[in-house]
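Participant: Once you've had a glance at the structure underneath, I'll fire off some questions.
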Amino acid sequence: MSYKKFFPYFKQNDLVYLDNGATTQKPQSVIDAELEYYTNYCANTHRSNFGDANRATIHYEDARKYLQKFINAKESCEIIFTKGVTESINFIASSFAKKFKMVIISSLEHHSNIVPFHMQGRTLGDGLEVVGYKDNFAFDYEEYENILQKNPNSFVSITHISNAFGTINNIKKICELAHKYDSYVMIDGAQSLAHKHIDVQDIGCDFFTVSGHKSFAPTGVGAVYIRQELLDEVEPYQTGGATIRSVTYNETTLLKSPYKFEAGTQNIAGVIGFKRALEFIDEIGYDAIEKQEYRLYEYLHNELKKIEEVEFYNTTKDSISNKSFNIKGVLHDDVGILLDKQKIAIRVGHHCTMPIMEKLQIKGTIRVSLAFYNDFDDIDKFIKALKKAIRMLKD
Amino acid sequence: MATIQETIENIKDDLDFFDDELDKYEYIIDLGKKLPEIAESSKIEQNLVQGCTSQVWLVTNIQDEKLFVTGTSDAIIVKGLVYIILSIFNEKTLQEIREFDINILKQLGLTEIITPNRQSGVQGMIQKIMEVSENG
C-alpha cells in the first residue's frame with residue numbers, strides 16, 4: 001500500500017524525501033485541521049467565554065486527552081504542550097534538573113540534550129557524566145550503573161532513538177536502574193513517536209518529551225509528559241497569562257498543572273493539528289508502521305552494503321529509521337550537494353551530535369532518515385543517485 | 001581589469017551553458033580541481049570560516065586599497081565555489097567591494113551561494129570578504 005497518497009507534499013513534486021529525522025511531511029488531514037481552526041473558529045483558549053473561544057478550548061483540551069491516552073499517561077494534567085522537544089528539555093532542565101548535583105547523559109545525545117546542561121555551568125566530571133557505549137553503539141549499562149552508584153539521586157537525561165545512528169536504547173532498563181539509585185529520568189523522545197508505540201507507565205520514566213513535527217504534526221508543537229507525583233515539585237519555566245489563579249501586587253497564586261506550565265497564548269492550531277496527526281498514526285497503526293520501516297531499513301542497509309566505498313558505523317540491530325554512513329575518499333558535503341541536484345533530500349553533517357562525531361574522528365556523516373511512507377522505489381532512486389555522485393566525485 | 005559586475009556576468013554565461021544541473025556541478029568540480037592550493041601553514045583556526053560541515057579557509061590581505069584573497073576547502077564542490085568567489089573579489093578595490101550589492105550573487109543561480117543557511121561555509125566566506133573590505 002502506498003501511504004504517500006495521504007500527503008499532499010508528494011503530489012506536488014517527485015522529490016525523494018529521506019530527511020524525516022529532521023521533520024516529517026504532513027498528511028492532508030493535519031493540514032485541514034489547522035486550516036479549519038484558522039477559518040472557522042480562530043479564537044484564544046482558556047480565557048474568553050464566547051462560542052468560538054469555547055470551541056477552541058475544547059479542541060485544545062481534547063488534544064491533551066488524546067496524547068495522554070496515546071502514550072498511556074495516567075492523567076491529562078501530566079501532558080504539557082510545548083513548542084517541541086528542545087523546549088521540553090530546556091523546561092525540565094532549568095526548572096527541575098538544575099537542583100541535582102549530577103546530570104547523566106549518553107554519548108549519543110543531540111545537542112539539545114547537552115547544551116541546556118552546559119548552560120547550568122556543568123562540565124564533564126563536574127556536574128555532568130556521559131555514559132559510553134559498547135559494540136554497535138549499545139548503551140553501556142555497566143558503566144551507567146557505576147556512575148549511578150557513585151552519584152545516587154542524580155538526574156538522567158537519555159535519548160530513546162539516536163537521531164544520527166538510529167540506535168534504540170532500552171529506556172525501560174535505563175529507568176529501572178536510575179530509580180534503584182533514587183534518580184529521576186527524562187527521555188528525549190524526539191525520534192520516537194513517528195516510529196514506535198510509547199507507553200510512559202510501562203517505561204517507568206519521570207519525564208518523556210515528544211515532538212509534533214517529527215511525527216506528522218505541524219511545526220512548533222511538542223509536549224512533555226511529567227509523572228503526576230512530580231507535578232507540584234516542578235516549577236514553571238515561564239509565567240504569564242492563563243497560568244494564574246490570582247495576582248496582586250504582592251503575590252501570585254498559580255493554577256495547577258498543566259495550566260501553570262503553559263504561559264501565554266499557545267500554538268493552538270498546532271496542538272489541534274497534533275491531535276489529528278496522532279489520530280492518523282492510530283489509523284495506520286504502529287504494527288504496520290514498524291513492519292514497513294524495518295523492511296525499508298534492512299533493504300537500505302543491504303543496498304548500501306553493495307557499494308564498496310560505503311563505511312558504516314553500526315548495523316541494523318537494535319536501530320530504526322536513521323542510517324548514517326560515509327563514502328571512503330569523499331566528503332559527505334559533496335555527496336549532499338550532488339544528491340540534492342538529483343532531487344534526493346537527505347542530510348549531511350554532524351546532525352547536532354558533534355561529541356559523538358569527534359569520538360568517531362569524523363566531521364559528519366550522510367544520513368538517510370526513513371518514515372513509513374517511504375517505499376522501495378525511494379531507496380532505489382537514492383542508491384542510483386548516490387552511485388552517480390560517487391562516480392562524479394571520484395573521477 | 002573587469003569589474004565585479006562584469007566578472008559575475010562572465011561566470012553566469014559559463015554556468016548558463018549547461019542545461020543539465022549535474023553537468024554544471026561537474027564543471028564546478030573541475031574548477032575546484034583547478035584552484036591553487038594554499039600553504040598548509042595558512043590552514044589555521046584564524047583563517048577558518050565558520051560553517052557546519054565542510055571547512056573553508058580564507059586568507060585575506062589588503063594592499064593599495066585592494067583586496068588580495070586566497071582560499072580553499074576540504075570539499076571539492078565547495079572548492080569550486082571558492083574558485084568562483086575568489087575570481088569575483090580577488091584584486092578588486094575595497095571601494096568596489098563595499099559598494100557591491102551582495103544580492104547580485106543570486107544571479108549566478110547557485111543555491112549553495114544564495115541559501116540563507118546559517119551553517120553554510122560559502123555564505124560565511126562571502127560575509128568575511130565583505131567584513132574585511134568594510135574594516136580595511
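Just remember, in the C-alpha cells the first chain shown is A, the second B, etc., residues are 1-based per chain, and ligands are 1-based in the order shown.
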Please find the residues of chain B near chain A - the criterion being any atom within 8 Å, counting only C-alpha atoms - and write them as a list of chain:residue names.
Facilitator: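 Filtering chain B at 8 Å from chain A with only C-alpha atoms gives B:Glu21, B:Leu22, B:Tyr25, B:Glu26, B:Ile29, B:Cys52, B:Thr53, B:Ser54, B:Asp74, B:Ala75, B:Ile76, B:Ile77, B:Val78.
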Participant: Tell me which protein, DNA and RNA residues are within 10 Å of stretch 107-112 of chain B, counting only C-alpha atoms, leaving out same-chain ones fewer than 3 positions away, and put them as number ranges by chain.
Facilitator: A: 337, 341; B: 8-16, 24-25, 77-78, 81, 103-104, 115-117, 120-123
Participant: Output C-alpha atoms for every residue in that selection, as a PDB file, in the first residue's frame.
Facilitator:
ATOM      1  CA  ILE A 337      25.073  18.689  -2.833  1.00  0.00           C
ATOM      2  CA  LYS A 341      20.762  18.207  -7.554  1.00  0.00           C
TER       3      LYS A 341
ATOM      4  CA  ILE B   8      29.722  37.890 -12.420  1.00  0.00           C
ATOM      5  CA  GLU B   9      28.170  38.187 -15.875  1.00  0.00           C
ATOM      6  CA  ASN B  10      31.035  36.174 -17.388  1.00  0.00           C
ATOM      7  CA  ILE B  11      30.669  33.440 -14.778  1.00  0.00           C
ATOM      8  CA  LYS B  12      26.906  33.430 -15.306  1.00  0.00           C
ATOM      9  CA  ASP B  13      27.426  32.932 -19.054  1.00  0.00           C
ATOM     10  CA  ASP B  14      29.702  29.966 -18.333  1.00  0.00           C
ATOM     11  CA  LEU B  15      27.216  28.395 -15.903  1.00  0.00           C
ATOM     12  CA  ASP B  16      24.199  29.043 -18.153  1.00  0.00           C
ATOM     13  CA  LYS B  24      27.013  22.369 -14.170  1.00  0.00           C
ATOM     14  CA  TYR B  25      28.279  20.778 -10.965  1.00  0.00           C
ATOM     15  CA  ILE B  77      32.384  21.307  -4.781  1.00  0.00           C
ATOM     16  CA  VAL B  78      32.864  23.974  -2.151  1.00  0.00           C
ATOM     17  CA  LEU B  81      32.579  27.642  -5.316  1.00  0.00           C
ATOM     18  CA  ASN B 103      22.153  40.195  -3.706  1.00  0.00           C
ATOM     19  CA  ILE B 104      23.649  40.350  -7.209  1.00  0.00           C
ATOM     20  CA  THR B 115      20.666  29.821   0.502  1.00  0.00           C
ATOM     21  CA  PRO B 116      20.435  31.681   3.812  1.00  0.00           C
ATOM     22  CA  ASN B 117      21.636  28.614   5.700  1.00  0.00           C
ATOM     23  CA  SER B 120      26.915  27.456   5.168  1.00  0.00           C
ATOM     24  CA  GLY B 121      30.653  27.889   4.813  1.00  0.00           C
ATOM     25  CA  VAL B 122      30.159  29.579   1.425  1.00  0.00           C
ATOM     26  CA  GLN B 123      27.906  32.192   2.995  1.00  0.00           C
TER      27      GLN B 123
END
Participant: Write out as a ChimeraX atom specification which residues come within 12 Å of A:Phe261 when counting only C-alpha atoms, dropping same-chain ones fewer than 5 positions away.
Facilitator: /A:77-82,87-88,91-92,95,223-226,231-232,234-244,254-256,266
Participant: Those residues with N, CA and C atoms, as a tab-separated table (two decimals), in the first residue's frame please?
Facilitator:
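Result saved to out06.tsv:
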chain	number	residue	atom	x	y	z
A	77	CYS	N	-3.44	15.95	33.09
A	77	CYS	CA	-2.63	17.03	33.66
A	77	CYS	C	-1.13	16.71	33.60
A	78	GLU	N	-0.79	15.48	33.22
A	78	GLU	CA	0.63	15.11	33.08
A	78	GLU	C	1.19	15.53	31.72
A	79	ILE	N	0.32	16.03	30.85
A	79	ILE	CA	0.73	16.40	29.49
A	79	ILE	C	0.83	17.92	29.39
A	80	ILE	N	2.02	18.43	29.12
A	80	ILE	CA	2.22	19.87	28.96
A	80	ILE	C	2.63	20.12	27.51
A	81	PHE	N	1.90	20.97	26.82
A	81	PHE	CA	2.29	21.28	25.44
A	81	PHE	C	3.43	22.30	25.44
A	82	THR	N	4.34	22.10	24.51
A	82	THR	CA	5.49	23.00	24.35
A	82	THR	C	5.64	23.27	22.86
A	87	GLU	N	12.31	22.71	23.56
A	87	GLU	CA	11.73	23.49	24.66
A	87	GLU	C	11.39	22.58	25.85
A	88	SER	N	10.90	21.39	25.56
A	88	SER	CA	10.57	20.46	26.65
A	88	SER	C	11.80	20.17	27.50
A	91	PHE	N	12.92	23.25	29.45
A	91	PHE	CA	11.97	23.47	30.54
A	91	PHE	C	12.34	22.60	31.75
A	92	ILE	N	12.45	21.31	31.53
A	92	ILE	CA	12.72	20.40	32.65
A	92	ILE	C	14.14	20.60	33.19
A	95	SER	N	14.00	23.89	35.27
A	95	SER	CA	13.07	24.02	36.39
A	95	SER	C	13.09	22.82	37.33
A	223	ALA	N	5.45	18.24	23.26
A	223	ALA	CA	4.92	18.13	24.62
A	223	ALA	C	5.95	17.49	25.53
A	224	VAL	N	5.67	17.62	26.81
A	224	VAL	CA	6.45	16.86	27.78
A	224	VAL	C	5.47	16.20	28.74
A	225	TYR	N	5.71	14.91	28.98
A	225	TYR	CA	4.96	14.19	30.00
A	225	TYR	C	5.71	14.33	31.31
A	226	ILE	N	4.99	14.72	32.35
A	226	ILE	CA	5.59	14.80	33.69
A	226	ILE	C	4.81	13.87	34.60
A	231	LEU	N	4.37	16.74	39.71
A	231	LEU	CA	3.78	17.97	39.15
A	231	LEU	C	3.89	19.17	40.10
A	232	ASP	N	3.75	18.93	41.39
A	232	ASP	CA	3.85	20.05	42.33
A	232	ASP	C	5.29	20.51	42.52
A	234	VAL	N	7.73	20.38	40.23
A	234	VAL	CA	8.31	21.05	39.04
A	234	VAL	C	7.82	22.49	39.00
A	235	GLU	N	8.79	23.39	38.89
A	235	GLU	CA	8.42	24.82	38.84
A	235	GLU	C	8.17	25.23	37.40
A	236	PRO	N	7.31	26.24	37.20
A	236	PRO	CA	7.10	26.73	35.83
A	236	PRO	C	8.39	27.30	35.25
A	237	TYR	N	8.55	27.15	33.98
A	237	TYR	CA	9.74	27.60	33.25
A	237	TYR	C	9.52	29.04	32.79
A	238	GLN	N	8.28	29.33	32.44
A	238	GLN	CA	7.88	30.69	32.09
A	238	GLN	C	6.56	30.96	32.82
A	239	THR	N	6.29	32.20	33.08
A	239	THR	CA	5.00	32.52	33.69
A	239	THR	C	4.32	33.61	32.86
A	240	GLY	N	3.06	33.83	33.10
A	240	GLY	CA	2.36	34.86	32.35
A	240	GLY	C	0.88	34.57	32.32
A	241	GLY	N	0.23	35.02	31.25
A	241	GLY	CA	-1.21	34.89	31.12
A	241	GLY	C	-1.67	33.46	31.18
A	242	ALA	N	-2.83	33.26	31.80
A	242	ALA	CA	-3.52	31.97	31.85
A	242	ALA	C	-2.80	30.91	32.67
A	243	THR	N	-1.83	31.34	33.48
A	243	THR	CA	-1.16	30.37	34.36
A	243	THR	C	-1.54	30.59	35.82
A	244	ILE	N	-2.34	31.64	36.08
A	244	ILE	CA	-2.52	32.05	37.48
A	244	ILE	C	-3.95	31.89	37.98
A	254	LEU	N	-0.49	30.37	41.55
A	254	LEU	CA	-0.55	29.70	40.25
A	254	LEU	C	-1.68	28.67	40.20
A	255	LEU	N	-2.12	28.39	38.98
A	255	LEU	CA	-3.08	27.30	38.76
A	255	LEU	C	-2.34	25.97	38.91
A	256	LYS	N	-3.09	24.90	38.86
A	256	LYS	CA	-2.49	23.56	38.89
A	256	LYS	C	-1.98	23.21	37.49
A	266	GLN	N	-0.90	29.76	23.42
A	266	GLN	CA	-0.21	28.57	22.93
A	266	GLN	C	-0.36	28.43	21.41
Participant: If you count only C-alpha atoms, which residues fall within 8 Å of B:Leu86, apart from same-chain ones fewer than 3 positions away, as a list of chain:residue names?
Facilitator: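 Those residues are B:Val69, B:Thr70, B:Gly71, B:Val82, B:Tyr83, B:Phe89, B:Asn90.
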Participant: Just list as a PyMOL selection string whatever in stretch 290-323 of chain A DSSP marks as alpha helix (DSSP H).
Facilitator: chain A and resi 290-305
Participant: Quick one: pick out all strand (DSSP E or B) residues within stretch 1-134 of chain B from a backbone DSSP run and write them as a PyMOL selection string.
Facilitator: chain B and resi 48-49+56-63+66-73+93
Participant: Nearest to B:Glu134: which of B:Lys33, B:Lys66, B:Lys106, B:Lys79 is it, counting only C-alpha atoms?
Facilitator: B:Lys66
Participant: Which one of B:Val49, B:Lys43, B:Gln55, B:Ile62 sits closest to B:Ile126 if you count only C-alpha atoms?
Facilitator: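 Closest residue, counting only C-alpha atoms: B:Val49.
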Participant: Tell me, in Å to one decimal, how far atom CA of A:Ser157 is from atom CA of A:Ser211.
Facilitator: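 Rounded to one decimal, the two atoms are 16.0 Å apart.
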Participant: Atom CA of A:Asn322 and atom CA of A:Ala371, how far apart in Å?
Facilitator: 9.3 Å
